[in-house]
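> One file is attached below, upload26.tsv, containing TSV, C-alpha atoms.
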chain	number	residue	atom	x	y	z
A	241	MET	CA	0.00	0.00	0.00
A	242	GLU	CA	2.80	2.35	1.05
A	243	LEU	CA	4.78	1.50	-2.07
A	244	LYS	CA	1.71	2.09	-4.21
A	245	LYS	CA	1.39	5.58	-2.72
A	246	LEU	CA	5.06	6.23	-3.35
A	247	GLN	CA	4.73	5.07	-6.95
A	248	GLU	CA	1.81	7.48	-7.37
A	249	HIS	CA	3.90	10.35	-6.05
A	250	TRP	CA	6.79	9.26	-8.23
A	251	ASP	CA	4.65	9.23	-11.35
A	252	SER	CA	3.15	12.62	-10.50
A	253	PHE	CA	6.50	14.39	-11.05
A	254	PRO	CA	6.26	16.93	-13.88
A	255	GLU	CA	7.49	15.57	-17.21
A	256	VAL	CA	9.66	18.62	-17.80
A	257	SER	CA	10.68	21.17	-15.20
A	258	MET	CA	13.53	23.55	-14.55
A	259	GLU	CA	15.12	20.74	-12.50
A	260	GLU	CA	14.54	17.93	-14.98
A	261	ARG	CA	14.84	19.38	-18.43
A	262	PRO	CA	16.03	17.34	-21.42
A	263	ILE	CA	19.79	17.41	-21.66
A	264	LEU	CA	21.38	19.26	-24.58
A	265	SER	CA	24.35	17.93	-26.50
A	266	SER	CA	26.32	21.08	-25.77
A	267	ASP	CA	25.77	20.58	-22.01
A	268	LEU	CA	26.79	16.96	-22.30
A	269	GLU	CA	30.03	17.85	-24.05
A	270	LYS	CA	30.98	20.02	-21.07
A	271	ILE	CA	29.80	17.54	-18.43
A	272	VAL	CA	31.66	14.48	-19.68
A	273	VAL	CA	35.08	16.09	-19.46
A	274	LYS	CA	34.49	17.00	-15.80
A	275	ASN	CA	36.11	14.92	-13.07
A	276	PRO	CA	33.23	13.41	-11.06
A	277	LEU	CA	35.26	12.82	-7.89
A	278	SER	CA	35.69	15.73	-5.51
A	279	ASP	CA	39.14	16.96	-4.61
A	280	ALA	CA	39.27	15.08	-1.30
A	281	PHE	CA	38.54	11.69	-2.90
A	282	TYR	CA	40.67	12.22	-6.00
A	283	LEU	CA	44.28	11.67	-4.98
A	284	ARG	CA	45.69	10.86	-8.43
A	285	ARG	CA	47.31	14.24	-9.02
A	286	ARG	CA	48.82	14.30	-5.54
A	287	LEU	CA	50.18	10.78	-5.95
A	288	LEU	CA	51.62	11.60	-9.38
A	289	ALA	CA	53.28	14.76	-8.04
A	290	ARG	CA	54.85	12.78	-5.21
A	291	ILE	CA	56.06	10.06	-7.60
A	292	ILE	CA	57.76	12.70	-9.78
A	293	VAL	CA	59.41	14.39	-6.78
A	294	PHE	CA	60.55	11.07	-5.30
A	295	SER	CA	61.93	9.94	-8.67
A	296	VAL	CA	64.04	13.10	-8.96
A	297	LEU	CA	65.27	12.71	-5.36
A	298	TRP	CA	65.99	9.02	-6.00
A	299	ILE	CA	68.16	9.83	-9.05
A	300	VAL	CA	70.06	12.57	-7.18
A	301	ASN	CA	70.53	10.23	-4.22
A	302	ALA	CA	71.74	7.38	-6.44
A	303	ILE	CA	74.37	9.69	-8.01
A	304	GLN	CA	75.52	10.92	-4.58
A	305	LEU	CA	75.65	7.37	-3.23
A	306	ARG	CA	77.75	6.23	-6.17
A	307	SER	CA	80.28	9.02	-5.75
A	308	GLN	CA	80.50	8.45	-1.96
A	309	TRP	CA	80.90	4.70	-2.54
A	310	ILE	CA	83.78	5.27	-4.93
A	311	SER	CA	85.53	7.83	-2.70
A	312	ASP	CA	84.61	5.96	0.53
A	313	GLY	CA	82.92	9.08	1.91
A	314	PRO	CA	81.77	9.61	5.52
A	315	ASP	CA	77.98	9.84	4.85
A	316	ILE	CA	77.61	6.42	3.23
A	317	SER	CA	75.32	4.86	5.89
A	318	GLU	CA	73.01	7.87	5.77
A	319	LEU	CA	72.86	7.77	1.98
A	320	ILE	CA	72.15	4.04	1.94
A	321	ALA	CA	69.28	4.51	4.42
A	322	LEU	CA	67.90	7.38	2.34
A	323	PHE	CA	68.22	5.30	-0.84
A	324	GLY	CA	66.26	2.45	0.78
A	325	LEU	CA	63.55	4.80	2.04
A	326	LEU	CA	63.20	6.57	-1.32
A	327	THR	CA	63.00	3.24	-3.17
A	328	TYR	CA	60.27	1.96	-0.86
A	329	CYS	CA	58.40	5.29	-1.06
A	330	LEU	CA	58.42	5.13	-4.85
A	331	TYR	CA	57.22	1.51	-4.82
A	332	PHE	CA	54.47	2.34	-2.29
A	333	HIS	CA	53.14	5.33	-4.22
A	334	ILE	CA	53.25	3.64	-7.62
A	335	ARG	CA	51.49	0.62	-6.16
A	336	LEU	CA	48.83	2.86	-4.59
A	337	LEU	CA	48.28	4.71	-7.87
A	338	PHE	CA	47.84	1.45	-9.80
A	339	PHE	CA	45.65	-0.01	-7.06
A	340	ALA	CA	43.33	3.04	-7.01
A	341	ASP	CA	42.87	2.77	-10.80
A	342	TYR	CA	40.82	5.98	-10.92
A	343	PRO	CA	39.39	5.55	-14.47
A	344	THR	CA	37.56	2.35	-13.44
A	345	LEU	CA	36.98	3.11	-9.75
A	346	LEU	CA	33.42	4.36	-10.18
A	347	SER	CA	32.37	1.34	-12.23
A	348	LEU	CA	32.78	-1.02	-9.27
A	349	PRO	CA	29.77	-2.27	-7.29
A	350	LEU	CA	29.04	0.00	-4.31
A	351	ILE	CA	30.60	-2.14	-1.56
A	352	SER	CA	33.80	-2.82	-3.53
A	353	PHE	CA	33.93	0.87	-4.48
A	354	LEU	CA	33.66	1.98	-0.85
A	355	GLY	CA	36.15	-0.70	0.22
A	356	LYS	CA	38.67	0.48	-2.34
A	357	LEU	CA	38.16	4.11	-1.41
A	358	GLU	CA	38.72	3.16	2.23
A	359	THR	CA	41.97	1.32	1.43
A	360	VAL	CA	43.27	4.16	-0.76
A	361	LEU	CA	42.58	6.75	1.94
A	362	ASP	CA	44.10	4.53	4.63
A	363	LYS	CA	47.29	3.96	2.61
A	364	TYR	CA	47.47	7.63	1.72
A	365	ILE	CA	47.40	8.48	5.43
A	366	THR	CA	50.19	5.90	5.98
A	367	SER	CA	52.23	7.54	3.20
A	368	PHE	CA	52.61	10.66	5.37
A	369	LYS	CA	54.89	8.60	7.64
A	370	PHE	CA	57.31	8.22	4.72
A	371	VAL	CA	57.09	11.94	4.03
A	372	SER	CA	58.06	12.59	7.68
A	373	GLY	CA	61.00	10.19	7.38
A	374	LEU	CA	62.22	11.88	4.19
A	375	ALA	CA	61.76	15.32	5.77
A	376	GLY	CA	64.11	14.17	8.56
A	377	PHE	CA	66.89	13.37	6.05
A	378	TYR	CA	66.50	16.54	4.00
A	379	VAL	CA	66.14	18.94	6.94
A	380	LEU	CA	69.28	17.38	8.46
A	381	ALA	CA	71.11	17.96	5.17
A	382	LEU	CA	69.91	21.56	5.22
A	383	ILE	CA	71.12	22.03	8.82
A	384	GLN	CA	74.51	20.57	7.85
A	385	TYR	CA	74.72	22.94	4.88
A	386	LEU	CA	73.83	25.96	7.02
A	387	LEU	CA	76.44	24.97	9.63
A	388	PHE	CA	79.02	24.55	6.88
A	389	ARG	CA	78.30	28.12	5.74
A	390	THR	CA	78.14	29.71	9.20
A	391	ASN	CA	80.05	27.60	11.72
A	392	LYS	CA	82.73	25.29	10.32
A	393	GLY	CA	83.65	23.89	13.75
A	394	ALA	CA	80.11	22.79	14.55
A	395	HIS	CA	79.81	21.29	11.07
A	396	GLU	CA	83.00	19.26	11.56
A	397	THR	CA	81.77	17.94	14.95
A	398	LEU	CA	78.38	17.00	13.55
A	399	SER	CA	79.69	15.31	10.42
A	400	HIS	CA	82.09	13.14	12.43
A	401	ASN	CA	79.50	12.11	15.02
A	402	ASP	CA	77.00	9.62	13.63
A	403	TRP	CA	75.03	9.40	16.88
A	404	TYR	CA	74.23	13.14	16.88
A	405	LYS	CA	73.21	12.98	13.25
A	406	TRP	CA	70.83	10.04	13.74
A	407	LEU	CA	69.35	11.59	16.89
A	408	ILE	CA	68.70	14.90	15.08
A	409	LEU	CA	67.23	12.96	12.14
A	410	ILE	CA	64.83	11.02	14.39
A	411	PHE	CA	63.87	14.17	16.27
A	412	ILE	CA	63.06	16.04	13.03
A	413	SER	CA	61.11	13.09	11.59
A	414	VAL	CA	58.99	12.71	14.73
A	415	SER	CA	58.38	16.48	14.86
A	416	VAL	CA	57.26	16.58	11.21
A	417	ASP	CA	55.07	13.54	11.82
A	418	ILE	CA	53.37	15.27	14.78
A	419	LEU	CA	52.95	18.42	12.70
A	420	LEU	CA	51.29	16.46	9.87
A	421	LEU	CA	49.14	14.54	12.36
A	422	HIS	CA	47.67	17.82	13.53
A	423	SER	CA	47.49	19.71	10.25
A	424	ILE	CA	46.84	17.67	7.07
A	425	ILE	CA	46.00	14.16	8.28
A	426	PRO	CA	42.80	14.94	10.30
A	427	LYS	CA	41.00	15.91	7.07
A	428	TYR	CA	41.74	12.50	5.53
A	429	ARG	CA	41.00	10.69	8.81
A	430	LYS	CA	37.57	12.33	8.92
A	431	LEU	CA	36.94	11.32	5.32
A	432	LEU	CA	38.05	7.75	5.99
A	433	ALA	CA	35.79	7.53	9.06
A	434	GLY	CA	32.89	8.86	6.96
A	435	VAL	CA	33.40	6.25	4.23
A	436	ARG	CA	33.82	3.46	6.80
A	437	LYS	CA	30.69	4.46	8.72
A	438	TYR	CA	28.65	4.66	5.54
A	439	LYS	CA	29.82	1.26	4.32
A	440	GLU	CA	29.10	-0.37	7.67
A	441	GLY	CA	25.68	1.30	7.77
A	442	ILE	CA	24.79	-0.11	4.35
A	443	LEU	CA	26.04	-3.60	5.29
A	444	VAL	CA	24.07	-3.62	8.56
A	445	LYS	CA	20.90	-2.49	6.80
A	446	ALA	CA	21.33	-5.14	4.11
A	447	GLN	CA	21.86	-7.88	6.69
A	448	ASN	CA	18.75	-6.86	8.63
A	449	LYS	CA	16.53	-6.99	5.56
B	38	MET	CA	32.01	-3.56	-36.83
B	39	ASN	CA	32.26	-0.65	-34.49
B	40	ASN	CA	29.89	2.06	-35.68
B	41	SER	CA	30.78	4.62	-33.02
B	42	SER	CA	32.35	7.83	-34.19
B	43	LYS	CA	34.27	10.48	-32.35
B	44	LYS	CA	33.46	14.15	-32.57
B	45	GLY	CA	35.73	16.51	-30.69
B	46	GLY	CA	37.09	13.63	-28.60
B	47	PHE	CA	33.63	12.60	-27.39
B	48	ASP	CA	32.13	9.28	-28.42
B	49	VAL	CA	28.72	9.68	-30.09
B	50	ASP	CA	27.62	6.28	-28.72
B	51	ILE	CA	28.18	7.49	-25.17
B	52	ARG	CA	26.36	10.72	-25.88
B	53	SER	CA	23.25	8.97	-27.20
B	54	LEU	CA	23.30	6.45	-24.35
B	55	LEU	CA	23.54	9.21	-21.75
B	56	LYS	CA	20.73	11.10	-23.45
B	57	ILE	CA	18.53	8.02	-23.25
B	58	GLN	CA	19.47	7.28	-19.66
B	59	HIS	CA	19.33	10.82	-18.28
B	60	LYS	CA	15.81	10.26	-16.80
B	61	LYS	CA	17.23	7.55	-14.56
B	62	VAL	CA	19.92	9.95	-13.38
B	63	TYR	CA	17.25	12.51	-12.55
B	64	ALA	CA	15.35	9.78	-10.71
B	65	ILE	CA	18.21	9.04	-8.31
B	66	CYS	CA	18.76	12.78	-7.80
B	67	ARG	CA	15.14	13.03	-6.54
B	68	LEU	CA	15.99	10.56	-3.78
B	69	PHE	CA	19.26	12.14	-2.64
B	70	ALA	CA	19.17	15.89	-3.37
B	71	ASP	CA	17.33	18.38	-1.20
B	72	THR	CA	17.97	21.60	-3.07
B	73	TYR	CA	18.15	22.79	-6.67
B	74	LYS	CA	21.90	23.34	-6.37
B	75	GLU	CA	22.53	19.86	-4.95
B	76	HIS	CA	20.31	18.36	-7.65
B	77	GLN	CA	22.23	20.00	-10.48
B	78	PHE	CA	25.60	19.17	-8.91
B	79	LEU	CA	24.71	15.51	-8.38
B	80	PHE	CA	23.28	15.22	-11.87
B	81	THR	CA	26.41	16.54	-13.60
B	82	ASN	CA	28.66	14.39	-11.41
B	83	ILE	CA	26.69	11.23	-12.19
B	84	MET	CA	26.72	11.99	-15.92
B	85	ALA	CA	30.48	12.57	-15.80
B	86	ALA	CA	31.00	9.36	-13.82
B	87	ALA	CA	28.81	7.36	-16.21
B	88	SER	CA	30.73	8.64	-19.20
B	89	GLN	CA	34.06	7.86	-17.48
B	90	ASN	CA	32.84	4.33	-16.66
B	91	ILE	CA	31.78	3.64	-20.23
B	92	ARG	CA	34.99	4.98	-21.70
B	93	GLY	CA	37.14	2.90	-19.35
B	94	ARG	CA	34.95	-0.20	-19.47
B	95	ARG	CA	36.15	-3.73	-19.94
B	96	GLU	CA	34.86	-5.92	-22.76
B	97	ASN	CA	32.45	-7.98	-20.65
B	98	SER	CA	30.71	-5.13	-18.80
B	99	ASP	CA	27.29	-3.87	-19.77
B	100	LYS	CA	26.86	-0.12	-20.42
B	101	GLN	CA	23.49	0.04	-18.67
B	102	THR	CA	24.99	-1.50	-15.49
B	103	LEU	CA	27.88	0.98	-15.63
B	104	VAL	CA	25.48	3.92	-15.81
B	105	LEU	CA	23.50	2.58	-12.84
B	106	ARG	CA	26.68	1.95	-10.84
B	107	ALA	CA	27.72	5.54	-11.51
B	108	CYS	CA	24.31	6.64	-10.17
B	109	ILE	CA	24.60	4.59	-6.99
B	110	ASN	CA	28.27	5.30	-6.28
B	111	MET	CA	27.93	9.04	-6.81
B	112	ALA	CA	24.78	9.15	-4.69
B	113	ALA	CA	26.69	7.36	-1.92
B	114	LEU	CA	29.56	9.86	-2.15
B	115	HIS	CA	27.02	12.68	-2.07
B	116	SER	CA	25.54	11.23	1.14
B	117	ILE	CA	28.97	10.87	2.73
B	118	THR	CA	29.98	14.46	1.98
B	119	THR	CA	26.59	15.81	3.06
B	120	GLU	CA	26.86	13.96	6.36
B	121	MET	CA	30.35	15.35	6.94
B	122	ALA	CA	29.31	18.93	6.24
B	123	PRO	CA	28.47	21.20	9.19
B	124	VAL	CA	24.94	20.57	10.47
B	125	VAL	CA	22.39	22.95	8.97
B	126	GLU	CA	18.63	22.83	8.76
B	127	ARG	CA	17.91	20.68	5.70
B	128	SER	CA	14.77	21.59	3.82
B	129	ILE	CA	13.47	20.97	0.32
B	130	GLN	CA	14.17	23.97	-1.89
B	131	PHE	CA	13.54	23.79	-5.62
B	132	LYS	CA	12.82	26.47	-8.18
B	133	SER	CA	9.70	25.19	-9.95
B	134	PRO	CA	6.61	25.13	-7.69
B	135	ASP	CA	5.33	21.85	-9.24
B	136	TYR	CA	8.62	20.13	-8.63
B	137	GLN	CA	8.83	21.50	-5.09
B	138	ARG	CA	5.35	20.10	-4.36
B	139	SER	CA	6.18	16.68	-5.81
B	140	MET	CA	9.43	16.51	-3.87
B	141	THR	CA	7.78	17.48	-0.59
B	142	ARG	CA	5.12	14.80	-1.07
B	143	LEU	CA	7.72	12.19	-1.99
B	144	ARG	CA	9.86	12.98	1.07
B	145	GLN	CA	6.84	12.83	3.35
B	146	SER	CA	5.86	9.40	2.11
B	147	MET	CA	9.46	8.17	2.20
B	148	GLY	CA	10.00	9.25	5.80
B	149	GLU	CA	13.46	8.61	7.27
B	150	ALA	CA	14.53	5.99	4.72
B	151	SER	CA	18.14	4.85	4.88
B	152	ASP	CA	20.35	4.97	1.80
B	153	TYR	CA	20.06	1.21	1.34
B	154	GLU	CA	16.29	1.56	1.29
B	155	LYS	CA	16.60	4.44	-1.15
B	156	PHE	CA	18.63	2.26	-3.51
B	157	ARG	CA	15.99	-0.44	-3.34
B	158	LEU	CA	13.26	2.14	-3.87
B	159	PHE	CA	15.11	3.51	-6.88
B	160	LEU	CA	15.09	0.08	-8.52
B	161	GLU	CA	11.49	-0.55	-7.56
B	162	LEU	CA	10.17	2.82	-8.75
B	163	GLU	CA	12.16	2.67	-11.97
B	164	LYS	CA	10.71	-0.82	-12.54
B	165	MET	CA	14.01	-2.66	-12.51
B	166	PRO	CA	14.32	-6.22	-11.15
B	167	ALA	CA	15.34	-6.48	-7.48
B	168	GLU	CA	18.21	-8.87	-8.41
B	169	GLU	CA	19.86	-5.91	-10.10
B	170	LEU	CA	20.77	-4.63	-6.63
B	171	THR	CA	23.37	-7.39	-6.26
B	172	HIS	CA	25.09	-6.34	-9.51
B	173	LEU	CA	25.02	-2.71	-8.54
B	174	THR	CA	26.00	-2.82	-4.90
B	175	GLY	CA	27.67	-6.17	-4.40
B	176	LEU	CA	25.24	-6.85	-1.55
B	177	PRO	CA	23.37	-10.15	-1.31
B	178	LEU	CA	19.63	-10.23	-1.94
B	179	SER	CA	17.41	-9.99	1.16
B	180	ARG	CA	16.88	-13.46	2.56
B	181	ASN	CA	14.15	-14.94	4.69
B	182	ALA	CA	14.89	-15.91	8.29
B	183	VAL	CA	15.39	-19.64	7.64
B	184	GLY	CA	17.70	-19.13	4.71
B	185	LYS	CA	19.52	-16.48	6.70
B	186	LYS	CA	20.51	-18.85	9.49
B	187	LYS	CA	21.69	-21.52	7.06
B	188	GLU	CA	23.68	-19.03	5.05
B	189	LYS	CA	25.27	-17.59	8.19
B	190	GLU	CA	26.55	-21.04	9.08
B	191	THR	CA	28.01	-21.55	5.62
B	192	ASP	CA	29.60	-18.08	5.75
B	193	ARG	CA	31.15	-18.87	9.13
B	194	ALA	CA	32.53	-22.20	7.88
B	195	GLN	CA	33.97	-20.48	4.82
B	196	LEU	CA	35.51	-17.73	6.95
B	197	ARG	CA	37.10	-20.33	9.20
B	198	LYS	CA	38.53	-22.07	6.13
B	199	THR	CA	40.06	-18.90	4.63
B	200	SER	CA	41.34	-17.45	7.89
B	201	PHE	CA	43.52	-20.52	8.38
B	202	ASN	CA	45.17	-19.96	5.02
B	203	PHE	CA	46.60	-16.55	5.90
B	204	ILE	CA	48.36	-14.94	8.78
B	205	PRO	CA	45.85	-12.08	9.33
B	206	TYR	CA	48.49	-9.41	9.98
B	207	LEU	CA	50.46	-10.31	6.86
B	208	LYS	CA	47.30	-10.52	4.79
B	209	GLN	CA	46.29	-7.05	5.92
B	210	LYS	CA	49.73	-5.63	5.10
B	211	LEU	CA	50.30	-7.35	1.77
B	212	VAL	CA	46.87	-7.63	0.23
B	213	TRP	CA	45.02	-4.35	-0.27
B	214	ASN	CA	41.39	-5.11	-0.82
In structure tokens, write the structure found in this file.

Amino acid sequence: MELKKLQEHWDSFPEVSMEERPILSSDLEKIVVKNPLSDAFYLRRRLLARIIVFSVLWIVNAIQLRSQWISDGPDISELIALFGLLTYCLYFHIRLLFFADYPTLLSLPLISFLGKLETVLDKYITSFKFVSGLAGFYVLALIQYLLFRTNKGAHETLSHNDWYKWLILIFISVSVDILLLHSIIPKYRKLLAGVRKYKEGILVKAQNK
Amino acid sequence: MNNSSKKGGFDVDIRSLLKIQHKKVYAICRLFADTYKEHQFLFTNIMAAASQNIRGRRENSDKQTLVLRACINMAALHSITTEMAPVVERSIQFKSPDYQRSMTRLRQSMGEASDYEKFRLFLELEKMPAEELTHLTGLPLSRNAVGKKKEKETDRAQLRKTSFNFIPYLKQKLVWN
């Protein structure tokens, strides 16, 4: 009975209105080139930008590592660690980009679509840990450069003391991580919680039916 | 033979399909949009998603299903973003008086329907078979109480079987699903 009433209301909608007018070809041409996903859900550009930056850093690091290896330089352990981190970062981001597969994402059934969106957001949040780690290495390099320019004695002490270097590196990485946790990450966490809650809501409703 | 032609980078086949299917897109907008602005925004997003789905489709997928999946997935995203937005008084606001009246009546008879119920209603009101819901959402069909219990037992047995094959922590880390 209720459904019959609903069907009656449904059929009583005006054939043509300002809200539901026939679509023109010119409108369609503009619509189809639009990206349907909002900025928060569409991470492709951000992932691509990171992959490009990491690739450049990886090449620079590989060249530095090679020259240090040949000359048996003092920063070899640091460069090897950075090389490992950059390689894993590149692998992680490329894998995430291929996994997200944005052109076919919206053609998945709802539950798989939400599941994939959830995984992509979760992994993207994880990727900020790598960014913090990399920030540690590069800020340390910047500090060393500044010391070299301003205080040669301090630079000499720091470059010959691995313990100090690693402690500073860890301190910077943790600080950047905390900064990201309170600035950029909450937005994605909120989004992830929203997607998760919605998916669970749908599943619960479907199970109760 | 493929009789589709491209004009300005846009497939004519997709254009005609979207023109035919646009009523269905409007239909889902009725269930999820509360204002004229939301309605227009959701409509354009669904059309864009449908076109993207068809362009990137695999050989074995049906165009009609892809359009409907775009409708459902975009409506779900719309619900998620609306829920996350700051709480404001939500009321029905449309430009044409006839449409406003129809929408108010529809919302009154729908009551506080959940999104899952809205998806089912969408299929029902658009006269599509209920089985279609499984293809569109990946959810099982509603089962009766007896079948439910039996199925739960089979699910549990299957879960037990698969969970022994993987170390859960490793599975979670290595397999993104």
> Restricting the calculation to only C-alpha atoms: of B:Gln145, B:Asn110, B:Lys61, B:Leu211, which residue gets closest to chain A?
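Of B:Gln145, B:Asn110, B:Lys61, B:Leu211, the one nearest chain A, counting only C-alpha atoms, is B:Asn110.
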> My list of candidates is B:Ile65, B:Ile91, B:Ile51, B:Leu173. Which is closest to chain A when distances are computed with all atoms listed in the file?
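The closest residue to chain A is B:Leu173.
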> Give me the residues within 10 Å of A:Ile365 as a ChimeraX atom specification, counting only C-alpha atoms and dropping any in the same chain fewer than 6 places off.
/A:359,420-421,424-429,432
> At what distance in Å, to one decimal, does atom CA of A:Leu283 lie from atom CA of B:His59?
28.3 Å
> By how many Å are atom CA of A:Ser415 and atom CA of A:His395 apart?
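Between atom CA of A:Ser415 and atom CA of A:His395 the gap is 22.3 Å.
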> For chain B, which of A:Phe323, A:Phe370, A:Phe332, A:Tyr385 is the closest residue, counting all atoms listed in the file?
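Smallest separation from chain B among the options: A:Phe332.
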> Hey, can you check how far atom CA of B:Ala107 sits from atom CA of B:Lys132?
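Answer for the atom CA of B:Ala107 to atom CA of B:Lys132 separation: 25.9 Å.
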> Tell me, as a VMD selection string, which residues lie within 10 Å of B:Pro166, counting only C-alpha atoms; anything in the same chain fewer than 5 positions away does not count.
chain B and resid 157 160 to 161
> Contacts from chain A to chain B, 9 Å maximum, only C-alpha atoms: show me the residue list as a ChimeraX atom specification.
/A:242-243,245-247,249-254,257-260,262-265,268-269,271-277,339,343-356,359-360,430-431,434-435,437-438,441-443,445-449
> Could you put an axis-aligned box around every listed atom of stretch 121-136 of chain B, padded by 3 Å on each side, and send me its centre and edge lengths in Å to one decimal, as AutoDock Vina command-line options?

--center_x 17.8 --center_y 20.9 --center_z 0.3 --size_x 31.0 --size_y 17.1 --size_z 26.4
> Let me make sure I understand: among B:Pro123, B:Phe159, B:Met165, B:Leu54, which one has the smallest atom-to-atom distance to B:Phe69 if we use all atoms listed in the file?
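Comparing B:Pro123, B:Phe159, B:Met165, B:Leu54 against B:Phe69, the winner is B:Phe159.
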> I need the residue nearest A:Leu326 from this list: A:Ser311, A:Glu358, A:Leu288, A:Leu297. Use all atoms listed in the file for the distance.
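Smallest separation from A:Leu326 among the options: A:Leu297.
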> Can you pull out the residues contacting A:Ala321? Cut-off 12 Å, using only C-alpha atoms, and skip same-chain residues under 4 positions away; I want them as a list in words.
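With the cut-off at 12 Å, the set is Trp298, Asn301, Ala302, Leu305, Asp315, Ile316, Ser317, Leu325, Leu326, Thr327, Tyr328, Gly373, Leu374, Gly376, Phe377, Trp406 and Leu409 of chain A.
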> Name all residues at most 12 Å from A:Arg286 (count only C-alpha atoms; drop same-chain ones fewer than 3 positions away) and give them as a list of chain:residue names.
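Using only C-alpha atoms, the neighbours found are A:Asp279, A:Ala280, A:Phe281, A:Tyr282, A:Leu283, A:Ala289, A:Arg290, A:Ile291, A:Ile292, A:Val293, A:His333, A:Ile334, A:Leu336, A:Leu337, A:Tyr364, A:Ser367.
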> Residues of the last selection are to be written out with C-alpha atoms, as a PDB file, keeping the file's coordinate frame.

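The file below, result-v4.pdb, is the result:
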ATOM      1  CA  ASP A 279      39.140  16.960  -4.610  1.00  0.00           C
ATOM      2  CA  ALA A 280      39.270  15.080  -1.300  1.00  0.00           C
ATOM      3  CA  PHE A 281      38.540  11.690  -2.900  1.00  0.00           C
ATOM      4  CA  TYR A 282      40.670  12.220  -6.000  1.00  0.00           C
ATOM      5  CA  LEU A 283      44.280  11.670  -4.980  1.00  0.00           C
ATOM      6  CA  ALA A 289      53.280  14.760  -8.040  1.00  0.00           C
ATOM      7  CA  ARG A 290      54.850  12.780  -5.210  1.00  0.00           C
ATOM      8  CA  ILE A 291      56.060  10.060  -7.600  1.00  0.00           C
ATOM      9  CA  ILE A 292      57.760  12.700  -9.780  1.00  0.00           C
ATOM     10  CA  VAL A 293      59.410  14.390  -6.780  1.00  0.00           C
ATOM     11  CA  HIS A 333      53.140   5.330  -4.220  1.00  0.00           C
ATOM     12  CA  ILE A 334      53.250   3.640  -7.620  1.00  0.00           C
ATOM     13  CA  LEU A 336      48.830   2.860  -4.590  1.00  0.00           C
ATOM     14  CA  LEU A 337      48.280   4.710  -7.870  1.00  0.00           C
ATOM     15  CA  TYR A 364      47.470   7.630   1.720  1.00  0.00           C
ATOM     16  CA  SER A 367      52.230   7.540   3.200  1.00  0.00           C
TER      17      SER A 367
END
